[in-house]
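Enquirer: So that you have it, the file is run37.txt, and it contains compact mmCIF, C-alpha atoms:
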# COMPACT_ATOMS: atom_id res chain seq x y z
CA MET A 1 -16.54 7.47 24.28
CA SER A 2 -13.36 7.97 26.30
CA SER A 3 -12.87 11.53 27.42
CA LEU A 4 -9.10 11.99 27.09
CA SER A 5 -6.56 11.26 24.37
CA GLU A 6 -2.94 10.18 25.00
CA SER A 7 -1.86 13.80 24.88
CA GLY A 8 -4.30 14.62 27.66
CA ASN A 9 -6.65 16.57 25.38
CA PRO A 10 -10.36 15.65 25.37
CA VAL A 11 -11.30 13.38 22.46
CA PRO A 12 -13.81 15.23 20.25
CA SER A 13 -16.85 13.46 18.83
CA ASP A 14 -17.05 15.33 15.52
CA PRO A 15 -15.11 13.52 12.73
CA ASP A 16 -13.58 16.75 11.45
CA ALA A 17 -12.44 17.76 14.92
CA LEU A 18 -11.08 14.24 15.47
CA TYR A 19 -9.11 14.48 12.27
CA ARG A 20 -7.72 17.90 13.24
CA GLN A 21 -6.56 16.48 16.54
CA ALA A 22 -5.06 13.41 14.86
CA ALA A 23 -3.19 15.56 12.31
CA ARG A 24 -1.91 17.83 15.06
CA ASP A 25 -0.86 15.13 17.55
CA PHE A 26 0.24 12.40 15.13
CA GLY A 27 1.17 14.30 11.96
CA ASP A 28 4.90 13.92 12.63
CA ALA A 29 4.54 10.20 13.44
CA ILE A 30 2.62 9.72 10.17
CA ASP A 31 5.38 11.54 8.26
CA ARG A 32 8.01 9.23 9.79
CA LEU A 33 5.86 6.21 8.90
CA VAL A 34 5.51 7.45 5.32
CA ARG A 35 9.28 7.79 5.04
CA ALA A 36 9.67 4.25 6.36
CA TYR A 37 7.29 2.85 3.73
CA GLU A 38 8.32 4.91 0.71
CA ARG A 39 11.97 5.32 -0.26
CA GLU A 40 11.42 7.89 -3.00
CA ALA A 41 10.91 11.41 -1.68
CA ASP A 42 8.84 12.56 -4.66
CA ARG A 43 6.33 9.73 -4.16
CA ARG A 44 5.89 10.27 -0.43
CA PRO A 45 3.23 13.02 -0.73
CA ASP A 46 0.87 10.52 -2.45
CA LEU A 47 1.12 8.00 0.37
CA ARG A 48 0.90 10.76 2.95
CA GLN A 49 -2.27 12.10 1.37
CA GLU A 50 -3.73 8.61 1.10
CA ILE A 51 -3.17 8.00 4.83
CA HIS A 52 -4.59 11.36 5.86
CA LEU A 53 -7.62 10.95 3.64
CA ALA A 54 -8.25 7.44 4.99
CA LEU A 55 -7.95 8.79 8.54
CA TRP A 56 -10.41 11.59 7.92
CA ARG A 57 -12.83 9.19 6.24
CA SER A 58 -12.49 6.64 9.02
CA PHE A 59 -13.40 8.92 11.91
CA ARG A 60 -17.10 8.67 11.08
CA GLY A 61 -16.93 5.22 12.65
CA PHE A 62 -14.77 6.09 15.64
CA GLU A 63 -16.65 5.03 18.77
CA ALA A 64 -13.69 5.01 21.16
CA ARG A 65 -13.72 1.22 21.50
CA CYS A 66 -9.96 1.55 21.19
CA SER A 67 -7.74 4.53 21.90
CA LEU A 68 -7.35 7.30 19.36
CA ARG A 69 -3.66 6.39 19.02
CA THR A 70 -4.42 2.72 18.26
CA TRP A 71 -7.03 3.80 15.71
CA ILE A 72 -4.61 6.17 13.97
CA TYR A 73 -1.71 3.71 13.88
CA ARG A 74 -3.95 0.92 12.57
CA VAL A 75 -5.33 3.05 9.76
CA ALA A 76 -1.88 4.44 8.89
CA HIS A 77 -0.12 1.05 8.90
CA ASN A 78 -2.94 -0.66 7.02
CA VAL A 79 -3.00 2.00 4.29
CA ALA A 80 0.80 1.83 4.07
CA SER A 81 0.77 -2.01 3.92
CA ALA A 82 -1.77 -1.95 1.10
CA TYR A 83 0.42 0.63 -0.64
CA VAL A 84 3.63 -1.42 -0.45
CA VAL A 85 1.85 -4.61 -1.53
CA ARG A 86 0.45 -2.74 -4.54
CA GLU A 87 3.71 -0.98 -5.38
CA ARG A 88 5.85 -4.09 -5.05
CA ARG A 89 4.29 -5.53 -8.20
CA MET A 90 6.05 -2.75 -10.15
CA ARG A 91 9.24 -2.32 -8.16
CA ARG A 92 10.35 -5.87 -7.31
CA GLU A 93 11.97 -4.92 -4.00
CA ALA A 94 13.49 -7.78 -2.04
CA TRP A 95 12.07 -8.10 1.47
CA THR A 96 13.66 -9.99 4.27
CA ARG A 97 12.82 -11.22 7.77
CA LEU A 98 14.10 -9.63 10.92
CA GLU A 99 15.84 -12.89 11.86
CA GLU A 100 17.72 -12.92 8.55
CA LEU A 101 18.95 -9.38 9.18
CA ASP A 102 20.05 -10.51 12.61
CA ARG A 103 22.11 -13.36 11.15
CA GLY A 104 23.71 -11.18 8.50
CA ALA A 105 24.54 -8.22 10.73
CA GLU A 106 28.09 -6.99 10.77
CA PRO A 107 28.89 -5.44 14.16
CA ALA A 108 31.10 -2.58 13.01
CA VAL A 109 28.90 -1.52 10.16
CA PHE A 110 29.40 2.20 10.66
CA GLU A 111 32.73 3.92 10.71
CA THR A 112 31.21 7.06 12.09
CA LEU A 113 27.87 7.45 13.71
CA ASP A 114 26.93 10.76 12.27
CA LYS A 115 23.22 11.29 12.97
CA ALA A 116 22.19 11.74 9.34
CA ILE A 117 24.13 8.65 8.22
CA ALA A 118 22.81 6.60 11.12
CA LEU A 119 19.25 7.63 10.22
CA ASP A 120 19.78 6.82 6.55
CA ARG A 121 21.12 3.37 7.46
CA LEU A 122 18.20 2.83 9.81
CA PHE A 123 15.75 3.64 7.00
CA ASP A 124 17.66 1.34 4.67
CA LEU A 125 17.27 -1.47 7.19
CA ILE A 126 13.56 -0.73 7.70
CA HIS A 127 12.84 -0.63 3.95
CA ARG A 128 14.20 -4.16 3.62
CA LEU A 129 11.80 -5.63 6.16
CA ARG A 130 8.52 -7.37 5.40
CA PRO A 131 5.47 -5.34 6.53
CA PRO A 132 4.84 -7.23 9.84
CA ASP A 133 8.48 -6.86 10.96
CA ARG A 134 8.54 -3.30 9.65
CA GLN A 135 5.42 -2.40 11.64
CA LEU A 136 6.92 -3.86 14.79
CA MET A 137 10.19 -1.97 14.31
CA LEU A 138 8.39 1.33 13.63
CA LEU A 139 6.04 1.01 16.59
CA TYR A 140 9.00 0.17 18.81
CA LEU A 141 10.89 3.25 17.55
CA GLU A 142 7.77 5.35 18.17
CA ASP A 143 8.12 4.22 21.80
CA LEU A 144 4.81 2.37 22.09
CA ASP A 145 4.56 -0.23 24.83
CA ALA A 146 4.17 -3.95 24.08
CA ALA A 147 0.44 -3.99 24.92
CA SER A 148 -0.30 -1.13 22.49
CA ILE A 149 1.81 -2.71 19.75
CA GLY A 150 -0.05 -5.99 20.32
CA GLU A 151 -3.40 -4.23 20.03
CA ILE A 152 -2.43 -2.56 16.75
CA MET A 153 -0.88 -5.65 15.19
CA GLY A 154 -3.15 -8.34 16.63
CA LEU A 155 -0.39 -10.12 18.60
CA SER A 156 -0.22 -11.08 22.26
CA THR A 157 1.76 -8.80 24.58
CA ALA A 158 4.15 -11.64 25.44
CA ASN A 159 4.82 -12.28 21.79
CA VAL A 160 5.43 -8.61 21.09
CA ARG A 161 7.95 -8.56 23.95
CA THR A 162 9.84 -11.51 22.43
CA ARG A 163 9.89 -9.84 19.04
CA ILE A 164 10.99 -6.49 20.47
CA HIS A 165 13.86 -8.34 22.09
CA ARG A 166 14.89 -9.48 18.59
CA VAL A 167 14.50 -5.94 17.21
CA LYS A 168 16.76 -4.65 19.97
CA GLY A 169 19.26 -7.41 19.17
CA VAL A 170 19.41 -6.44 15.50
CA LEU A 171 19.76 -2.74 16.31
CA ALA A 172 22.38 -3.40 18.99
CA LYS A 173 24.48 -5.44 16.59
CA ARG A 174 24.34 -2.79 13.91
CA TYR A 175 24.59 0.37 15.96
CA HIS A 176 25.77 -0.13 19.48
CA ALA A 177 28.91 -2.09 18.66
CA ALA A 178 29.96 0.58 16.19
CA TRP A 179 29.07 3.23 18.71
CA ARG A 180 31.22 1.64 21.43
CA GLU A 181 34.06 1.28 18.93
CA ARG A 182 33.87 4.99 18.17
CA GLU A 183 33.74 5.85 21.87
CA ARG A 184 36.89 3.76 22.51
CA ARG A 185 38.72 5.66 19.80
CA MET B 186 22.81 9.27 23.36
CA SER B 187 24.09 7.32 26.25
CA ARG B 188 27.69 6.15 26.44
CA GLU B 189 26.79 2.74 27.88
CA SER B 190 24.01 1.65 25.58
CA GLY B 191 25.07 3.28 22.32
CA PRO B 192 23.04 5.73 20.26
CA ASP B 193 19.51 6.38 21.42
CA LEU B 194 17.76 5.23 18.26
CA LYS B 195 14.30 6.13 19.48
CA ARG B 196 15.45 9.71 19.99
CA LEU B 197 17.27 9.72 16.68
CA TRP B 198 14.07 8.42 15.07
CA LYS B 199 11.80 11.02 16.65
CA GLU B 200 14.17 13.91 16.04
CA GLN B 201 14.49 13.33 12.31
CA PRO B 202 13.77 16.34 10.07
CA GLU B 203 10.05 17.02 9.71
CA GLU B 204 8.00 17.60 6.56
CA LYS B 205 7.81 21.29 5.69
CA ASN B 206 4.04 21.43 5.06
CA PRO B 207 1.95 19.72 7.70
CA MET B 208 -1.36 18.27 6.44
CA THR B 209 -4.48 20.10 7.58
CA LEU B 210 -8.17 19.41 7.17
CA GLU B 211 -8.53 22.46 4.93
CA LEU B 212 -5.75 21.23 2.63
CA LEU B 213 -7.23 17.74 2.57
CA LEU B 214 -10.76 18.98 1.80
CA ASP B 215 -9.35 21.27 -0.85
CA GLN B 216 -7.61 18.31 -2.54
CA ALA B 217 -10.79 16.24 -2.24
CA ARG B 218 -12.81 19.05 -3.85
CA THR B 219 -10.28 19.35 -6.70
CA VAL B 220 -10.50 15.60 -7.41
CA GLY B 221 -14.32 15.75 -7.23
CA ALA B 222 -14.56 18.72 -9.62
CA ARG B 223 -12.15 17.12 -12.12
CA THR B 224 -14.11 13.85 -12.05
CA ARG B 225 -17.45 15.61 -12.58
CA LYS B 226 -16.03 17.55 -15.54
CA GLN B 227 -14.62 14.40 -17.17
CA LEU B 228 -17.88 12.55 -16.63
CA ALA B 229 -20.02 15.36 -18.10
CA LEU B 230 -17.74 15.56 -21.15
CA GLN B 231 -17.91 11.79 -21.64
CA PHE B 232 -21.71 11.77 -21.34
CA PHE B 233 -22.29 14.62 -23.81
CA LEU B 234 -19.80 13.22 -26.32
CA THR B 235 -21.51 9.82 -26.22
CA LEU B 236 -24.94 11.47 -26.59
CA ALA B 237 -23.74 13.58 -29.52
CA VAL B 238 -22.17 10.59 -31.30
CA THR B 239 -25.35 8.53 -30.72
CA ILE B 240 -27.63 11.24 -32.18
CA PHE B 241 -25.31 11.89 -35.13
CA GLY B 242 -24.86 8.18 -35.87
CA THR B 243 -28.57 7.41 -35.60
CA ILE B 244 -29.44 10.18 -38.09
CA ARG B 245 -26.60 9.10 -40.40
CA PHE B 246 -27.39 5.35 -40.41
CA LEU B 247 -31.21 5.42 -40.01
CA ASP B 248 -31.97 4.38 -43.58
CA SER B 249 -28.74 2.52 -44.12
CA SER B 250 -28.26 -1.25 -44.28
CA SER B 251 -25.61 -0.85 -41.53
CA PHE B 252 -28.16 0.47 -39.03
CA TRP B 253 -28.06 -2.57 -36.75
CA LEU B 254 -24.28 -2.56 -36.80
CA TRP B 255 -24.49 1.08 -35.70
CA VAL B 256 -26.93 0.14 -32.88
CA LEU B 257 -24.36 -2.41 -31.69
CA ILE B 258 -21.59 0.22 -31.70
CA ALA B 259 -23.86 2.67 -29.82
CA VAL B 260 -24.65 0.02 -27.18
CA VAL B 261 -20.89 -0.60 -26.67
CA LEU B 262 -20.35 3.18 -26.35
CA TRP B 263 -23.05 3.50 -23.70
CA VAL B 264 -21.80 0.50 -21.75
CA TRP B 265 -18.37 2.13 -21.74
CA THR B 266 -19.87 5.45 -20.56
CA ILE B 267 -21.80 3.74 -17.77
CA ARG B 268 -18.62 1.96 -16.68
CA LYS B 269 -16.82 5.31 -16.56
CA ALA B 270 -19.72 6.78 -14.54
CA HIS B 271 -19.43 3.89 -12.09
CA ALA B 272 -15.68 4.46 -11.73
CA ALA B 273 -16.29 8.20 -11.27
CA TYR B 274 -18.84 7.43 -8.55
CA GLY B 275 -16.10 5.42 -6.81
CA ILE B 276 -13.78 8.42 -6.95
CA HIS B 277 -16.58 10.68 -5.71
CA GLN B 278 -17.07 8.33 -2.73
CA TRP B 279 -13.32 8.39 -2.16
CA THR B 280 -13.56 12.10 -1.35
CA ARG B 281 -16.22 11.62 1.35
CA PRO B 282 -16.27 9.96 4.78
CA GLY B 283 -16.89 6.25 4.26
CA ASP B 284 -17.39 2.89 5.92
CA ARG B 285 -14.54 1.13 4.09
CA GLU B 286 -12.01 3.21 5.97
CA VAL B 287 -13.61 2.30 9.29
CA GLU B 288 -12.66 -1.28 8.37
CA LEU B 289 -9.03 -0.14 8.16
CA ALA B 290 -9.11 0.79 11.82
CA LEU B 291 -11.09 -2.18 13.05
CA ARG B 292 -8.78 -4.82 11.54
CA ASP B 293 -5.46 -5.45 13.19
CA SER B 294 -2.51 -4.89 10.90
CA ILE B 295 -1.47 -8.56 10.50
CA ALA B 296 -5.01 -9.61 9.50
CA PHE B 297 -5.24 -6.66 7.13
CA TYR B 298 -1.88 -7.48 5.52
CA ARG B 299 -3.02 -11.07 4.95
CA ALA B 300 -6.27 -9.87 3.36
CA GLU B 301 -4.30 -7.57 1.04
CA LEU B 302 -1.94 -10.37 -0.02
CA GLU B 303 -4.89 -12.69 -0.68
CA ARG B 304 -6.59 -10.00 -2.76
CA GLU B 305 -3.40 -9.53 -4.81
CA TYR B 306 -3.18 -13.30 -5.25
CA ARG B 307 -6.76 -13.52 -6.56
CA GLN B 308 -6.06 -10.63 -8.93
CA ALA B 309 -2.95 -12.36 -10.26
CA PHE B 310 -5.08 -15.42 -11.02
CA TYR B 311 -7.84 -13.37 -12.65
CA ARG B 312 -5.18 -11.94 -14.94
CA LEU B 313 -3.99 -15.47 -15.69
CA ARG B 314 -7.42 -17.00 -16.43
CA PRO B 315 -8.43 -14.99 -19.54
CA GLY B 316 -4.86 -15.49 -20.75
CA VAL B 317 -5.29 -19.26 -20.53
CA ILE B 318 -8.59 -19.15 -22.46
CA VAL B 319 -7.29 -16.82 -25.21
CA GLY B 320 -4.00 -18.70 -25.39
CA THR B 321 -5.69 -22.09 -25.72
CA LEU B 322 -7.86 -20.72 -28.53
CA ALA B 323 -4.77 -19.24 -30.23
CA VAL B 324 -2.93 -22.54 -29.98
CA ALA B 325 -5.99 -24.32 -31.45
CA VAL B 326 -6.14 -21.82 -34.36
CA VAL B 327 -2.39 -22.25 -34.99
CA ALA B 328 -2.80 -26.01 -35.00
CA VAL B 329 -5.72 -25.86 -37.46
CA ALA B 330 -3.86 -23.35 -39.66
CA ALA B 331 -0.77 -25.57 -39.64
CA ILE B 332 -2.85 -28.54 -40.76
CA VAL B 333 -4.47 -26.45 -43.55
CA LEU B 334 -1.14 -24.99 -44.66
CA ALA B 335 0.43 -28.40 -44.69
CA GLY B 336 -1.91 -29.06 -47.61
CA GLY B 337 -0.16 -26.46 -49.83
CA GLY B 338 0.02 -22.99 -48.16
CA SER B 339 3.09 -21.17 -46.87
CA LEU B 340 4.14 -21.50 -43.22
CA VAL B 341 5.41 -17.88 -43.31
CA ASN B 342 1.74 -16.82 -43.00
CA LEU B 343 1.76 -18.38 -39.56
CA VAL B 344 4.38 -15.96 -38.15
CA PRO B 345 1.91 -13.35 -36.75
CA MET B 346 -0.05 -16.09 -35.04
CA LEU B 347 3.11 -17.63 -33.59
CA LEU B 348 4.15 -14.19 -32.31
CA PHE B 349 0.77 -13.87 -30.63
CA VAL B 350 1.25 -17.26 -28.96
CA ALA B 351 4.75 -16.21 -27.82
CA VAL B 352 3.36 -13.02 -26.24
CA TRP B 353 0.65 -15.04 -24.54
CA ILE B 354 3.20 -17.49 -23.12
CA ALA B 355 5.30 -14.59 -21.79
CA ALA B 356 2.22 -12.93 -20.20
CA ALA B 357 1.07 -16.20 -18.65
CA PHE B 358 4.58 -16.85 -17.32
CA TYR B 359 4.68 -13.34 -15.77
CA ALA B 360 1.25 -13.80 -14.13
CA ARG B 361 2.33 -17.19 -12.77
CA GLN B 362 5.55 -15.70 -11.36
CA GLU B 363 3.52 -12.95 -9.74
CA ALA B 364 1.15 -15.45 -8.14
CA ARG B 365 4.12 -17.52 -6.95
CA ARG B 366 5.75 -14.45 -5.38
CA ILE B 367 2.58 -13.65 -3.44
CA GLU B 368 2.34 -17.31 -2.39
CA ARG B 369 5.83 -17.00 -0.88
CA GLU B 370 4.78 -13.87 1.02
CA LEU B 371 1.73 -15.70 2.35
CA GLU B 372 3.97 -18.58 3.45
CA GLU B 373 6.23 -16.08 5.23
CA LEU B 374 3.21 -14.58 6.96
CA ASP B 375 2.08 -18.08 8.01
CA ARG B 376 5.52 -18.60 9.52
CA PHE B 377 5.33 -15.25 11.32
CA GLU B 378 1.92 -16.16 12.78
CA GLU B 379 3.07 -19.68 13.61
CA GLU B 380 5.94 -18.26 15.64
CA SER B 381 3.52 -15.86 17.31
CA ARG B 382 1.46 -18.75 18.64
CA VAL B 383 4.47 -20.46 20.24
Rewrite the structure of this file - the entire thing - as structure tokens.

Expert:
Amino acid sequence: MSSLSESGNPVPSDPDALYRQAARDFGDAIDRLVRAYEREADRRPDLRQEIHLALWRSFRGFEARCSLRTWIYRVAHNVASAYVVRERRMRREAWTRLEELDRGAEPAVFETLDKAIALDRLFDLIHRLRPPDRQLMLLYLEDLDAASIGEIMGLSTANVRTRIHRVKGVLAKRYHAAWRERERR
Amino acid sequence: MSRESGPDLKRLWKEQPEEKNPMTLELLLDQARTVGARTRKQLALQFFLTLAVTIFGTIRFLDSSSFWLWVLIAVVLWVWTIRKAHAAYGIHQWTRPGDREVELALRDSIAFYRAELEREYRQAFYRLRPGVIVGTLAVAVVAVAAIVLAGGGSLVNLVPMLLFVAVWIAAAFYARQEARRIERELEELDRFEEESRV
């Protein structure tokens, strides 16, 4: 078992202690992930609880063959993927590919880049993505490196880098152009 | 946010408003206990109700000509109760540490997503299969009835049966659409993985 977590704290061996550490260190990241997978605020607690419960249940099998962070993100994304696949049967949401968003992007999409509006638009964009693209976008926004993203998603590091380049392209088209426009004014 | 590169989206993302009540182990265990207690109560109620109905029915129908019909009903009741007990056991397991969740962490997210889509696809087909069997039988009955009625009966009597066939067709069409939608998602995932190999 590895001795230190990403936050520098020792990784405990007891499942309950592991869960406490996960909830403390990654609770906010899980909340952001929940918001990215569930549009409706009143339904978010269910998904949040489902992820936390799955995490707690999973730690019995944690043998530190991967990092605690990889373990947590895998469980959280997998529970969330299963949730959106299940929910989609009822809701009929249209998903799209990252490349399609890239093609359809309008550079000056925001008149103002107020933080709250920018965040809302970012969530809107994320909610439209298929789970693999969505996972990549979220892990990129959480500031994980390509190797860690690859380990969580099961992709090569080189491939993750190529895809992150596309993610950056989509975000640049939608945000940065509008931002520069506002700065000029 | 830097002037050159535009808004720092990673910072914007991480600085978004947080949930008011962070999840703790105590809260989680408390919720698990509540679910467990509710399930046990429902199961106990179901068991005692079935037992009471069985005893009452057996006494009532013991010397009756309908006794064997009653035995059949009692068997169905007990099968239903056992099914409920099985489902309750699943919920009970859900509130304890388990191996299934370890699987969630050991499978990478793309492989897991594919497995979920394939499971949904199989389910869509399971929903379709009984529909096909029942629907085929219904169509056969309608055909036979039509032939019989052609010999003198009224076709108005066929309306309920035709309605049933219409509902079946709609349900089968929905299940097929569902399966087709999941097929498209699987094709998209194939494309995603294909591009990942390049």

Enquirer: Enter the distance from atom CA of A:Phe59 to atom CA of B:Val287, in Å, rounded to one decimal.

Expert: 7.1 Å

Enquirer: B:Arg304: which residues within 12 Å, counting all atoms listed in the file, same-chain residues fewer than 4 positions away excluded, as a list of chain:residue names?

Expert: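 Near B:Arg304, the qualifying residues are A:Ala82, A:Val85, A:Arg86, B:Phe297, B:Tyr298, B:Arg299, B:Ala300, B:Gln308, B:Ala309, B:Phe310, B:Tyr311, B:Ala364, B:Ile367, B:Glu368, B:Leu371.
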
Enquirer: For A:Ile117, which residue out of A:Tyr175, A:Leu47, A:Tyr19, A:Thr70 is the nearest one, using only C-alpha atoms?

Expert: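 Closest to A:Ile117, using only C-alpha atoms: A:Tyr175.
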
Enquirer: For chain A, which residues have at least one atom within 6 Å of chain B, if we go by only C-alpha atoms? Write them as a list in words, please.

Expert: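 Taking only C-alpha atoms into account, Ala54, Arg57, Ser58, Gly61, Trp71, Arg74, Val75, Asn78, Leu141, Ile152, Met153, Gly154, Asn159, His176 and Trp179 of chain A sit within 6 Å of chain B.
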
Enquirer: Provide the atom CA of A:Asp133 to atom CA of A:Leu98 distance in Å, to one decimal place.

Expert: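 Computing it gives 6.3 Å between the two atoms.
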
Enquirer: Take atom CA of A:Ile51 and atom CA of A:Ala80 and report the distance between them in Å, one decimal.

Expert: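 Rounded to one decimal, the two atoms are 7.4 Å apart.
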
Enquirer: Would you mind writing stretch 50-73 of chain A with N, CA and C atoms, as a compact mmCIF listing (two decimals), keeping the file's coordinate frame?

Expert:
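The resulting part.txt:
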# COMPACT_ATOMS: atom_id res chain seq x y z
N GLU A 50 -2.86 9.78 1.02
CA GLU A 50 -3.73 8.61 1.10
C GLU A 50 -4.02 8.26 2.57
N ILE A 51 -2.99 8.33 3.41
CA ILE A 51 -3.17 8.00 4.83
C ILE A 51 -4.06 9.05 5.50
N HIS A 52 -3.79 10.31 5.23
CA HIS A 52 -4.59 11.36 5.86
C HIS A 52 -6.05 11.30 5.43
N LEU A 53 -6.25 11.04 4.15
CA LEU A 53 -7.62 10.95 3.64
C LEU A 53 -8.35 9.76 4.28
N ALA A 54 -7.65 8.63 4.37
CA ALA A 54 -8.25 7.44 4.99
C ALA A 54 -8.58 7.73 6.46
N LEU A 55 -7.71 8.45 7.13
CA LEU A 55 -7.95 8.79 8.54
C LEU A 55 -9.21 9.64 8.67
N TRP A 56 -9.25 10.68 7.86
CA TRP A 56 -10.41 11.59 7.92
C TRP A 56 -11.70 10.82 7.62
N ARG A 57 -11.64 9.95 6.60
CA ARG A 57 -12.83 9.19 6.24
C ARG A 57 -13.23 8.20 7.32
N SER A 58 -12.21 7.70 8.04
CA SER A 58 -12.49 6.64 9.02
C SER A 58 -13.16 7.16 10.29
N PHE A 59 -12.95 8.43 10.60
CA PHE A 59 -13.40 8.92 11.91
C PHE A 59 -14.92 8.94 12.07
N ARG A 60 -15.65 8.77 10.96
CA ARG A 60 -17.10 8.67 11.08
C ARG A 60 -17.48 7.46 11.94
N GLY A 61 -16.62 6.44 11.90
CA GLY A 61 -16.93 5.22 12.65
C GLY A 61 -16.19 5.11 13.96
N PHE A 62 -15.53 6.16 14.39
CA PHE A 62 -14.77 6.09 15.64
C PHE A 62 -15.72 6.16 16.84
N GLU A 63 -15.75 5.05 17.60
CA GLU A 63 -16.65 5.03 18.77
C GLU A 63 -15.86 4.83 20.06
N ALA A 64 -14.56 5.09 19.99
CA ALA A 64 -13.69 5.01 21.16
C ALA A 64 -13.66 3.62 21.81
N ARG A 65 -13.86 2.58 20.97
CA ARG A 65 -13.72 1.22 21.50
C ARG A 65 -12.24 0.89 21.66
N CYS A 66 -11.41 1.62 20.96
CA CYS A 66 -9.96 1.55 21.19
C CYS A 66 -9.48 2.99 21.33
N SER A 67 -8.22 3.15 21.73
CA SER A 67 -7.74 4.53 21.90
C SER A 67 -7.57 5.21 20.55
N LEU A 68 -7.53 6.53 20.59
CA LEU A 68 -7.35 7.30 19.36
C LEU A 68 -6.00 6.93 18.71
N ARG A 69 -4.99 6.73 19.54
CA ARG A 69 -3.66 6.39 19.02
C ARG A 69 -3.68 5.05 18.29
N THR A 70 -4.33 4.04 18.91
CA THR A 70 -4.42 2.72 18.26
C THR A 70 -5.14 2.84 16.92
N TRP A 71 -6.23 3.59 16.92
CA TRP A 71 -7.03 3.80 15.71
C TRP A 71 -6.16 4.40 14.60
N ILE A 72 -5.43 5.45 14.96
CA ILE A 72 -4.61 6.17 13.97
C ILE A 72 -3.50 5.27 13.43
N TYR A 73 -2.80 4.58 14.33
CA TYR A 73 -1.71 3.71 13.88
C TYR A 73 -2.23 2.55 13.02
